[in-house]
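Structure record follows, encoded as structure tokens.
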There are 4 protein chains.
Amino acid sequence: MSRFDEPQDPVFQKLNASIGFDWRLGPYDVAQSRAHASMLAAQGIIAAEECDALLRALDEVEQELDAGGFAFDADDEDIHMAIERRVTELAGPVGGKLHTARSRNDQVATDMTMFVRAHALGTDDRVTAVMSTLADRAEEHLDWPMPGYTHLQRAQPVYLSHHLLAYFWMLQRDRERLRFAAAQADRLPLGSGALAGVNFDTDRRRAAAELGFGSVTRNSIDAVSNRDFVLDFLAAAATCATHLSRLGAELVLWSSEEFGFCELADGFASGSSIMPQKKNPDAAELLRAKAPRVAGHLVALHGVLHGLPLTYNKDMQEDKEHLFDSVDTLDLCLDAARGMLETVAFRRSRLAAAAADEFLAATDVADLLVRRGMPFREAHGVVAGLVRRALERGVALSELSPADLAEQSDLLDEEFYSVLSEGAWLDSKVSEGGTALDRVREQLAEARAALEAQVA
Amino acid sequence: MSRFDEPQDPVFQKLNASIGFDWRLGPYDVAQSRAHASMLAAQGIIAAEECDALLRALDEVEQELDAGGFAFDADDEDIHMAIERRVTELAGPVGGKLHTARSRNDQVATDMTMFVRAHALGTDDRVTAVMSTLADRAEEHLDWPMPGYTHLQRAQPVYLSHHLLAYFWMLQRDRERLRFAAAQADRLPLGSGALAGVNFDTDRRRAAAELGFGSVTRNSIDAVSNRDFVLDFLAAAATCATHLSRLGAELVLWSSEEFGFCELADGFASGSSIMPQKKNPDAAELLRAKAPRVAGHLVALHGVLHGLPLTYNKDMQEDKEHLFDSVDTLDLCLDAARGMLETVAFRRSRLAAAAADEFLAATDVADLLVRRGMPFREAHGVVAGLVRRALERGVALSELSPADLAEQSDLLDEEFYSVLSEGAWLDSKVSEGGTALDRVREQLAEARAALEAQVA
Amino acid sequence: MSRFDEPQDPVFQKLNASIGFDWRLGPYDVAQSRAHASMLAAQGIIAAEECDALLRALDEVEQELDAGGFAFDADDEDIHMAIERRVTELAGPVGGKLHTARSRNDQVATDMTMFVRAHALGTDDRVTAVMSTLADRAEEHLDWPMPGYTHLQRAQPVYLSHHLLAYFWMLQRDRERLRFAAAQADRLPLGSGALAGVNFDTDRRRAAAELGFGSVTRNSIDAVSNRDFVLDFLAAAATCATHLSRLGAELVLWSSEEFGFCELADGFASGSSIMPQKKNPDAAELLRAKAPRVAGHLVALHGVLHGLPLTYNKDMQEDKEHLFDSVDTLDLCLDAARGMLETVAFRRSRLAAAAADEFLAATDVADLLVRRGMPFREAHGVVAGLVRRALERGVALSELSPADLAEQSDLLDEEFYSVLSEGAWLDSKVSEGGTALDRVREQLAEARAALEAQVA
Amino acid sequence: MSRFDEPQDPVFQKLNASIGFDWRLGPYDVAQSRAHASMLAAQGIIAAEECDALLRALDEVEQELDAGGFAFDADDEDIHMAIERRVTELAGPVGGKLHTARSRNDQVATDMTMFVRAHALGTDDRVTAVMSTLADRAEEHLDWPMPGYTHLQRAQPVYLSHHLLAYFWMLQRDRERLRFAAAQADRLPLGSGALAGVNFDTDRRRAAAELGFGSVTRNSIDAVSNRDFVLDFLAAAATCATHLSRLGAELVLWSSEEFGFCELADGFASGSSIMPQKKNPDAAELLRAKAPRVAGHLVALHGVLHGLPLTYNKDMQEDKEHLFDSVDTLDLCLDAARGMLETVAFRRSRLAAAAADEFLAATDVADLLVRRGMPFREAHGVVAGLVRRALERGVALSELSPADLAEQSDLLDEEFYSVLSEGAWLDSKVSEGGTALDRVREQLAEARAALEAQVA
């Protein structure tokens, strides 16, 4: 019996029902119900045989959910009601005891923390797989020179390995973020009741231990009002997606005829409906395009929580679709990034030709002057003068004559020409984290160590 | 035959395929194909009997789509390919002529403009229905006093009708926005080809006329790169959703025991899983909660388009889910708003009791002094002094003695007490658009006229 | 005298004061006060000589504001109080009459509508200036071939003029959006009082006429609660900024050594602090980078208004900085875009070399087959086979032998080779809005007509 | 001498210059330059006396910056150039050596990490101060009953202390987030050069140690391309601001006449320009209104970084204003929150009267039945029936007769009436984290311990 006279309006039902998406919480809901029932029995709140009946029914529900055979009912507003209904069908009236000392409010908060923990760690695995691929591809292309860019202008030569490893460290930070989100979801809300705690002598730490939570929430009002851990996951996901969007953008750029630095595998490219010659880097474009979607989810959930009085409000049901779609989007992007990176073919000659642009050695020429005692700022001006002269004449720097050099500075001698000979530029970047080959080898070893550390 | 050696990677297929959502473009795609085929025949690019065969097949496809009997194929990457495949199955090789002088790029742009136009107008109808309900409820509660609030503090009394009509005018502006979006989708992109136009002597204006477009796009590059009209729809939707969130927030507030201004119908409320006494305004909360979702879609699409070089890029496929979910979300919210407004019961006595708070007449007392020649700023200070005195003593303003009044100003006499007698306050707001009953009647007439104008 | 015992806390003052930014409303506040005073006098609410005194003081204030000589006071919380204070200093106690029949709520709403109208039109002028530059540059480069891109892959050749004009039409739509925003700010809120209207027999239409408003708001509650017109401006600004970000991104790309399609003028480029050879397209990068800022303002204001109960709430003070910074950001970007476009040098030979890539003619070869009766879909496959063969052999399409052609289709004859000869491809795109030279000339004429229409 | 022929265009200068906001990086720039110079000398890259001269000049610059006497030059594009210019004025040509082995790219990344670390910790202190105030106010109002709300409907009674402490734990999590951001800014980018490392045998760990960084970045490309730590700070700030918006919203609500649960101090409230009786909770409204601004900055920076190719691009200059305004906004909000919380007066009688609403005991009646063996779900139905009966009759639950009770269930006896007697409800919530007084005391002790832990 309900206190209401009238049935729900169909429009309201459509707006209100969450079963269309919160079915994904099913496995977590079963697990928490199992832990809850066991705790109730251990505390003497329900009888041992009642607990057994509940656990048996929950096992059955779990199997039905796993096998896809769980039959949803038109009146199942959400997954929690669906499962309780089914438990009661299976176990009889004792099913009605499952909700003792529990409210939908702490129940859904608990499912959500469990989902976030599980998926933060699952996404973490996918990030690690991309990192592993990056390390492998870096090792394969250890000494392939290419231009490094600032402002999309060729700046200084680097090794392709060094460039690829830059993404490795971005993703390593993403792992730190995902783990932070998992840690924020490590306090069990269950046992907080509707908002004030419950009337029973429960043992929340027992349930926490069974479910693998590190601790329990401290304040029942906060426990049911809190979705910070969802924001934390979304923030981590948005940053990771932004990293992937940079990778995607570079793959698009490098796949252009003009750059020609790489060719995506056929398996990650599309043709055109009208232009038979086209090979389009669709996967890379979509990698780029998905980041704003995740950031949109993040800002939307901030919007939902903005100005919301305590404690639970129905608005908080909006946390789910933003979270679920972010998980799916990011996981798919990570898998696609890995597949693309594993199969992309880099073009050594195009990379090398671009890296051989002599203007990229300009800083090194300036540093030559610095080593001869000229303040850097002054050396910068001298070399700018040389660049200007070369551009005016349409020649390379190495085609300037000794007289041209002398005009700019008497500190410039033959070594100028040897600085401009290719190999030298790259391997002179000997500072820690720099692109000199020994430094990249050192970095790669650190990368491998980081990967092993996370497996262990 | 394709220029590719390798099949698509399954991960890429999953990322790339849009059929999971762009099936919604089906009816528009059939309609544009019909207009395209007719134009090709009229221009002699295909034969009349080829056109007939195509049109027959398209009719068949349309019926299959309508009846839900259209069989999708595992390889149908998007709705456009699915329909072309099916047309070819039905009509034979001539199906391959449907894509003559057309590219997927102008095709999808055309479907999207058609979708936006149709849904902008469909949403407009729903907005109009809510407006109509507001006008009806305003008429029913024409002279029910209630407090008007600023800063959520009681400020001056108004009629409930006046308050309800405030939402009427917000929604009227939403209609203007939706129509602007529809107008931005009134230029036909079809015929722009991949990006450069097509090699055939087409008649774009013929297709435009058949499809009900007002004009054709001017520049083929812009035509396939443009999604402004989606942004326009999303901006309109976000503002409308924000309006509904304000309405939802007020219904939540007014449903609290503390305000007690209204009671939602049972059909738009929920109970609690644990607290049997609860009647929760879930529908109103969800109305409030959905606005950030639509704004999130808007900002996400801005993100997708940000910095995107011309012309078409695969990133633009991300326009669809943001648009479709915004349409569905807003339309459901509008229907729920109408249902709630139609059935909510206002509580006259609670509204009236709150409106009888004498402090709400403070401005009127100040205006009394103004009419006696005191500058308003000074009058404001005098009344603030009276308020302060009343608060100190814990009495109502009307309980202050003539001596108290004299202490603040010798311009205060018996009329002070008559200003404080209830009815006077409300109906003194005689300015155009004000809450005086005649003005509200005038406003209601304008509202009715606005509703009729849009039907006509 | 105030009803308060205690002074404002300094922290609160800092949080609350808007004078640090709303001084920009000064000129509008003076203008509306002038219209308000005149109306009060015309209606007999204040005396003619009082009105004269107020107008004289307002003139003085206006001059002080214009000349930068207006002295702000530490206690001036906002521009409205600052001006009223100064008016009272100049005119004496009659200054206190200026606020008769007006509240800060309708006053600030009025200033904001005036600001939005003025700036929507001012920004519109700047947009027009960029359009004019685009038309000029298109005319100068009317017949310069370049590759058109889809997915950043060379797709089909277009004229540079056609590409530049694509931006013209984007900006033309921006103008429509800005004018829509101006139209949404064309209803005068003044006279709505705090929320309920005012106690005086005012003439709102008189003030509207004096201030150039087309009409007056219909409902006083809505009038003080409404910031839709700010959202409208921000939506228009965000879309325009997104357009400019696409332009900026292309200029960055085209300035790369790899594309080499253009060189920015020195006046719009930067050097490097360390690399003397660099010429960085900073202005173009910033054009790209500013769009998210404006979209951020838009989503933030949606957030502010989300769930806000009627009528005025202090939260609405947050509208200003979002608006002001958007105006400044967009206007500066428009000026920079114009400057860059006026001075950028395009490189004909680089553009032409890229456009000469024979693969860009693949669609035209397919269309040749279509004209010979082959369904397009089949023709697409035939040409894909030719492309594949050419790629395998590392030759251009025109280097394939007649035997190669025959292997794919017996419809391929000598005309295949003539289709591949350059000039033909471009000018075959004869459809309306296409890149054929006559069509671009037609388009340019329309663009000029559109520019003239808006000046007139 | 530069490689450019033409001076910067004034519009470009305006767009490009960051000195208007990045002057805030001054102190960090001086500190890093000091560490950089010392390292250069220690490594023999510059002479000891050169280093001394640089350090003396930097000390002087620091004093000038501190004292506000630093004279900016019209040509100072950014703070880095301003400081280098001034160092050179003070120290002579040796000033030009300060930029040896350093680029603007690693320099600005370093300043930004230093700024984020310092401000994350500074904001952390402010958060802690609010937490301390919350603990104090909770202690003062330990046993003040009030209604707890779900869906803004009275749900179950709680103690005000318990409600206030809910915010304590939100803020505690904010501290975890801020520290995470600080940890993400603990890797020194300095020494990465423009992007590739530098040509000198530098000792990056020496500089890191001097500046208090825990480690150095691993990859020079990543080091100059990375702004993740800014995103981390903004994410932490947005969540904290969202928490404060919930607090602000509750203070607004509670300050309404209808709730009447508290009165803000005069120092944190405003009057009205027109309504002399008003006391508006402006500070609380602004607390609510500022959260979307910070979330807007977060989503904007995601937008800036979206799809940005490596390494440094000028777009990244947009990180600064978003960060600086977020810091200022959040810090001011935290100070205002503290001030409001310290001075707000709660109204015991209004809180208690609302908490005495008997319907709030409905769950407790259901739990009484559960203790007598009835499954909770069934008990919920029985009590819903009682509620319905009471509402129909317009009586309180305790006014139902024993016969009424018997009609619903024979398990209901006299204890029904004692459950409804007030004190019982609250203190029955004995679960860990619940509102029973002992549990709140326990929680308060944990809160105090948490505060002490962070001071230590």
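Ligands are numbered from 1 in the order shown, residues from 1 within each chain, and chains are lettered A, B, ... in the order they appear in the structure tokens.
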What's around Arg85 (chain B) at 9 Å? Count only C-alpha atoms, leave out sequence neighbours fewer than 4 positions away in its own chain, and write the answer as a ChimeraX atom specification.
/B:76,80-81,89-90,95-96
Using C-alpha atoms, can you write the selected residues to a file as a CSV table (one decimal), in the first residue's frame?
chain,number,residue,atom,x,y,z
B,76,ASP,CA,25.8,-1.0,-42.6
B,80,HIS,CA,23.0,6.4,-45.7
B,81,MET,CA,24.8,3.2,-46.7
B,89,GLU,CA,18.8,-4.8,-53.4
B,90,LEU,CA,15.3,-3.7,-54.4
B,95,GLY,CA,20.7,1.8,-57.2
B,96,GLY,CA,24.3,2.6,-57.7
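If you count only C-alpha atoms and ignore residues fewer than 5 places along the chain from Leu301 (chain D), what sits within 8 Å of it is Pro292 and Arg293 of chain C; Leu231, Glu318, Asp319 and His322 of chain D.
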Counting only C-alpha atoms, which residues of chain B sit at most 6 Å from some atom of chain A, and what is each one's closest atom pair with its distance in Å to one decimal, listed by chain and rising residue number, as a Markdown table?
| residue | atom | partner | partner_atom | distance |
| --- | --- | --- | --- | --- |
| B:Phe4 | CA | A:Asp266 | CA | 6.0 |
| B:Glu6 | CA | A:Asp266 | CA | 5.3 |
| B:Pro7 | CA | A:Gly267 | CA | 5.4 |
| B:Gln8 | CA | A:Gly267 | CA | 3.9 |
| B:Asp9 | CA | A:Gly267 | CA | 4.6 |
| B:Val11 | CA | A:Ala336 | CA | 5.9 |
| B:Phe12 | CA | A:Phe268 | CA | 5.7 |
| B:Ser103 | CA | A:Ile274 | CA | 5.4 |
| B:Arg104 | CA | A:Ser273 | CA | 5.9 |
| B:Asp266 | CA | A:Glu6 | CA | 5.3 |
| B:Gly267 | CA | A:Gln8 | CA | 3.9 |
| B:Phe268 | CA | A:Phe12 | CA | 5.7 |
| B:Ser273 | CA | A:Arg104 | CA | 5.9 |
| B:Ile274 | CA | A:Ser103 | CA | 5.4 |
| B:Asp282 | CA | A:Lys314 | CA | 5.7 |
| B:Glu285 | CA | A:Asp315 | CA | 5.6 |
| B:Leu286 | CA | A:Asp315 | CA | 5.4 |
| B:Ala289 | CA | A:Asp315 | CA | 4.8 |
| B:Pro292 | CA | A:Ala300 | CA | 4.7 |
| B:Arg293 | CA | A:Ala300 | CA | 5.2 |
| B:Gly296 | CA | A:Gly296 | CA | 4.5 |
| B:Ala300 | CA | A:Pro292 | CA | 4.7 |
| B:Gly303 | CA | A:Pro292 | CA | 5.1 |
| B:Val304 | CA | A:Ala289 | CA | 5.5 |
| B:Lys314 | CA | A:Asp282 | CA | 5.8 |
| B:Asp315 | CA | A:Ala289 | CA | 4.8 |
| B:Ala336 | CA | A:Val11 | CA | 5.9 |
Please extract the residues of region 231-374 of chain D with a backbone DSSP assignment of strand (DSSP E) and present them as a list in words.
Cys262, Glu263, Ala345 and Phe346 of chain D
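Compared by their closest atoms to Arg377 (chain A), and using only C-alpha atoms, the residues D:Val108, D:Val230, D:Leu98, D:Leu426 rank with D:Leu98 nearest.
Minimum distance to Asp427 (chain C) across C:Ala138, C:Ala361, C:Ala48, C:Ala155 (counting only C-alpha atoms) occurs at C:Ala361.
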Take CA of Leu330 (chain A) and CA of Asp222 (chain D) and report the distance between them in Å, one decimal.
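Between these atoms lies a distance of 21.3 Å.
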Counting only C-alpha atoms, which residue out of B:Leu164, B:Met114, B:Ala241, B:Ala135 sits closest to Leu190 (chain B)?
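Of all the options, B:Met114 lies closest to Leu190 (chain B).
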Please list as a CSV table (one decimal) with N, CA, C and O atoms, in the first residue's frame every residue within 12 Å of Asp410 (chain C), counting only C-alpha atoms and excluding residues in the same chain fewer than 5 positions away.
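Wrote out_22.csv, looks like this:
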chain,number,residue,atom,x,y,z
C,369,LEU,N,33.1,7.9,-66.2
C,369,LEU,CA,32.4,6.6,-66.4
C,369,LEU,C,30.9,6.7,-66.2
C,369,LEU,O,30.1,6.1,-66.9
C,372,ARG,N,29.2,7.8,-69.2
C,372,ARG,CA,29.2,6.7,-70.1
C,372,ARG,C,28.2,5.6,-69.7
C,372,ARG,O,28.2,4.5,-70.3
C,374,MET,N,27.8,4.1,-66.6
C,374,MET,CA,28.1,3.2,-65.5
C,374,MET,C,27.5,3.8,-64.2
C,374,MET,O,27.6,5.0,-64.0
C,379,ALA,N,31.4,2.8,-60.8
C,379,ALA,CA,32.5,3.7,-61.3
C,379,ALA,C,33.5,3.9,-60.1
C,379,ALA,O,34.8,3.9,-60.3
C,382,VAL,N,35.8,1.0,-59.8
C,382,VAL,CA,36.8,1.0,-60.9
C,382,VAL,C,37.9,1.9,-60.7
C,382,VAL,O,39.1,1.5,-60.8
C,402,PRO,N,47.1,2.3,-71.2
C,402,PRO,CA,45.8,1.9,-71.7
C,402,PRO,C,45.5,0.5,-71.3
C,402,PRO,O,44.3,0.2,-71.0
C,403,ALA,N,46.4,-0.4,-71.3
C,403,ALA,CA,46.2,-1.8,-70.9
C,403,ALA,C,45.7,-1.8,-69.4
C,403,ALA,O,44.8,-2.6,-69.1
C,404,ASP,N,46.4,-1.0,-68.6
C,404,ASP,CA,45.9,-1.0,-67.2
C,404,ASP,C,44.5,-0.5,-67.1
C,404,ASP,O,43.7,-1.1,-66.3
C,405,LEU,N,44.2,0.5,-67.9
C,405,LEU,CA,42.8,1.0,-67.9
C,405,LEU,C,41.8,-0.1,-68.3
C,405,LEU,O,40.8,-0.4,-67.7
C,416,PHE,N,40.3,9.5,-70.5
C,416,PHE,CA,40.9,9.4,-69.1
C,416,PHE,C,42.1,10.3,-69.0
C,416,PHE,O,42.2,11.0,-68.0
Shell around Arg389 (chain A) at 10 Å using only C-alpha atoms, local window under 6 positions removed, as a list in words:
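That gives Val383, Val395, Ala396, Leu397, Leu400 and Asp404 of chain A; Arg3 of chain D.
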For CA of Glu50 (chain C) and CA of Glu64 (chain C), the interatomic separation in Å (one decimal):
21.2 Å
Just the residues within 10 Å of region 171-175 of chain C, please, counting only C-alpha atoms, with nothing from its chain fewer than 4 positions along; format it as an MDAnalysis selection string.
(chainID B and resid 184 228:229) or (chainID C and resid 120:121 123:128 130:131 165:167 179:181 235:241 243:244 447 450:451 454)
With N, CA, C and O atoms kept, could you save the residues just selected as a tab-separated table (two decimals), in the first residue's frame?
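Dumped everything to out-v9.tsv:
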chain	number	residue	atom	x	y	z
B	184	GLN	N	17.90	28.96	-39.70
B	184	GLN	CA	19.31	28.70	-40.02
B	184	GLN	C	19.48	27.37	-40.73
B	184	GLN	O	20.54	27.08	-41.29
B	228	ASP	N	26.55	25.05	-37.85
B	228	ASP	CA	26.04	26.17	-37.06
B	228	ASP	C	24.59	25.96	-36.64
B	228	ASP	O	24.20	26.30	-35.52
B	229	PHE	N	23.81	25.42	-37.56
B	229	PHE	CA	22.38	25.27	-37.26
B	229	PHE	C	22.16	24.27	-36.13
B	229	PHE	O	21.18	24.38	-35.40
C	120	ALA	N	26.27	44.17	-29.53
C	120	ALA	CA	25.92	43.25	-30.62
C	120	ALA	C	26.09	43.98	-31.94
C	120	ALA	O	26.66	43.44	-32.90
C	121	LEU	N	25.68	45.23	-31.97
C	121	LEU	CA	25.81	45.99	-33.21
C	121	LEU	C	27.26	46.39	-33.49
C	121	LEU	O	27.72	46.37	-34.63
C	123	THR	N	29.92	44.69	-32.51
C	123	THR	CA	30.62	43.48	-32.95
C	123	THR	C	30.24	43.16	-34.39
C	123	THR	O	31.08	42.75	-35.20
C	124	ASP	N	28.97	43.37	-34.69
C	124	ASP	CA	28.49	43.18	-36.05
C	124	ASP	C	29.33	44.01	-37.05
C	124	ASP	O	29.70	43.51	-38.13
C	125	ASP	N	29.66	45.23	-36.70
C	125	ASP	CA	30.49	46.06	-37.58
C	125	ASP	C	31.87	45.42	-37.79
C	125	ASP	O	32.42	45.45	-38.89
C	126	ARG	N	32.41	44.90	-36.71
C	126	ARG	CA	33.74	44.27	-36.84
C	126	ARG	C	33.66	43.01	-37.69
C	126	ARG	O	34.57	42.72	-38.45
C	127	VAL	N	32.58	42.25	-37.52
C	127	VAL	CA	32.40	41.06	-38.36
C	127	VAL	C	32.34	41.48	-39.83
C	127	VAL	O	32.97	40.88	-40.71
C	128	THR	N	31.60	42.53	-40.08
C	128	THR	CA	31.47	43.02	-41.46
C	128	THR	C	32.82	43.42	-42.04
C	128	THR	O	33.10	43.16	-43.22
C	130	VAL	N	35.71	42.12	-41.32
C	130	VAL	CA	36.44	40.90	-41.69
C	130	VAL	C	35.88	40.34	-42.99
C	130	VAL	O	36.63	39.91	-43.87
C	131	MET	N	34.55	40.37	-43.13
C	131	MET	CA	33.93	39.87	-44.35
C	131	MET	C	34.41	40.65	-45.57
C	131	MET	O	34.67	40.08	-46.64
C	165	LEU	N	36.03	32.44	-49.28
C	165	LEU	CA	34.63	32.86	-49.20
C	165	LEU	C	33.81	31.94	-48.28
C	165	LEU	O	32.76	32.35	-47.77
C	166	ALA	N	34.27	30.71	-48.07
C	166	ALA	CA	33.57	29.85	-47.11
C	166	ALA	C	33.47	30.56	-45.76
C	166	ALA	O	32.43	30.54	-45.09
C	167	TYR	N	34.55	31.25	-45.36
C	167	TYR	CA	34.52	31.99	-44.09
C	167	TYR	C	33.58	33.19	-44.17
C	167	TYR	O	32.98	33.59	-43.17
C	179	ARG	N	22.39	39.95	-34.62
C	179	ARG	CA	21.18	40.77	-34.76
C	179	ARG	C	20.01	40.14	-34.01
C	179	ARG	O	19.15	40.86	-33.49
C	180	PHE	N	19.99	38.83	-33.97
C	180	PHE	CA	18.96	38.17	-33.17
C	180	PHE	C	19.15	38.55	-31.69
C	180	PHE	O	18.18	38.88	-30.99
C	181	ALA	N	20.40	38.54	-31.23
C	181	ALA	CA	20.67	38.91	-29.84
C	181	ALA	C	20.25	40.36	-29.59
C	181	ALA	O	19.64	40.69	-28.56
C	235	ALA	N	25.91	33.09	-26.98
C	235	ALA	CA	25.81	32.00	-27.96
C	235	ALA	C	26.30	32.48	-29.32
C	235	ALA	O	27.05	31.77	-30.02
C	236	ALA	N	25.91	33.68	-29.71
C	236	ALA	CA	26.38	34.25	-30.98
C	236	ALA	C	27.90	34.42	-30.96
C	236	ALA	O	28.60	34.09	-31.91
C	237	ALA	N	28.39	34.93	-29.83
C	237	ALA	CA	29.83	35.17	-29.71
C	237	ALA	C	30.61	33.86	-29.74
C	237	ALA	O	31.67	33.77	-30.36
C	238	ALA	N	30.08	32.84	-29.09
C	238	ALA	CA	30.78	31.55	-29.05
C	238	ALA	C	30.86	30.95	-30.44
C	238	ALA	O	31.90	30.40	-30.83
C	239	THR	N	29.78	31.04	-31.19
C	239	THR	CA	29.80	30.48	-32.54
C	239	THR	C	30.76	31.26	-33.43
C	239	THR	O	31.54	30.68	-34.20
C	240	CYS	N	30.74	32.56	-33.32
C	240	CYS	CA	31.66	33.38	-34.11
C	240	CYS	C	33.11	33.07	-33.72
C	240	CYS	O	33.98	32.91	-34.58
C	241	ALA	N	33.36	32.94	-32.42
C	241	ALA	CA	34.71	32.62	-31.96
C	241	ALA	C	35.13	31.24	-32.46
C	241	ALA	O	36.30	31.01	-32.79
C	243	HIS	N	34.15	29.91	-35.28
C	243	HIS	CA	34.53	30.13	-36.68
C	243	HIS	C	35.95	30.67	-36.78
C	243	HIS	O	36.75	30.21	-37.59
C	244	LEU	N	36.24	31.66	-35.96
C	244	LEU	CA	37.59	32.24	-36.01
C	244	LEU	C	38.64	31.23	-35.59
C	244	LEU	O	39.78	31.26	-36.07
C	447	ALA	N	28.37	38.11	-52.46
C	447	ALA	CA	29.02	38.55	-51.23
C	447	ALA	C	29.08	40.07	-51.19
C	447	ALA	O	28.75	40.70	-50.17
C	450	ALA	N	25.76	41.38	-50.42
C	450	ALA	CA	25.42	41.21	-49.00
C	450	ALA	C	26.09	42.30	-48.16
C	450	ALA	O	25.49	42.85	-47.23
C	451	LEU	N	27.33	42.63	-48.49
C	451	LEU	CA	28.03	43.69	-47.76
C	451	LEU	C	27.35	45.04	-47.96
C	451	LEU	O	27.20	45.82	-47.02
C	454	GLN	N	24.14	45.47	-46.00
C	454	GLN	CA	24.21	45.80	-44.58
C	454	GLN	C	24.69	47.21	-44.29
C	454	GLN	O	24.42	47.76	-43.23
As an exercise, work out the distance from CA of Arg177 (chain C) to CA of Arg227 (chain C) in Å and give it to one decimal place.
16.5 Å
Write down as an NGL selection string the residues of region 221-330 of chain B whose backbone DSSP state falls under helix (DSSP H, G or I).
:B and (221-225 or 228-254 or 266-268 or 282-305 or 314-330)
Counting only C-alpha atoms, figure out which residue out of D:Val158, D:Ala74, D:Met112, D:Leu253 gets nearest to Arg187 (chain D).
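Using only C-alpha atoms, the shortest distance to Arg187 (chain D) belongs to D:Met112.
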Surrounding residues of Ser18 (chain B) excluding itself and chain neighbours under 6 positions, 8 Å, only C-alpha atoms, as a ChimeraX atom specification
/B:77-79,317
Would you put the residues from that selection into a file with C-alpha atoms, as a PDB file, in the first residue's frame?
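See part19.pdb below for the written result:
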ATOM      1  CA  GLU B  77      28.166   1.580 -41.195  1.00  0.00           C
ATOM      2  CA  ASP B  78      25.623   4.345 -41.316  1.00  0.00           C
ATOM      3  CA  ILE B  79      22.015   4.950 -42.343  1.00  0.00           C
ATOM      4  CA  GLN B 317      29.916  12.860 -36.768  1.00  0.00           C
TER       5      GLN B 317
END
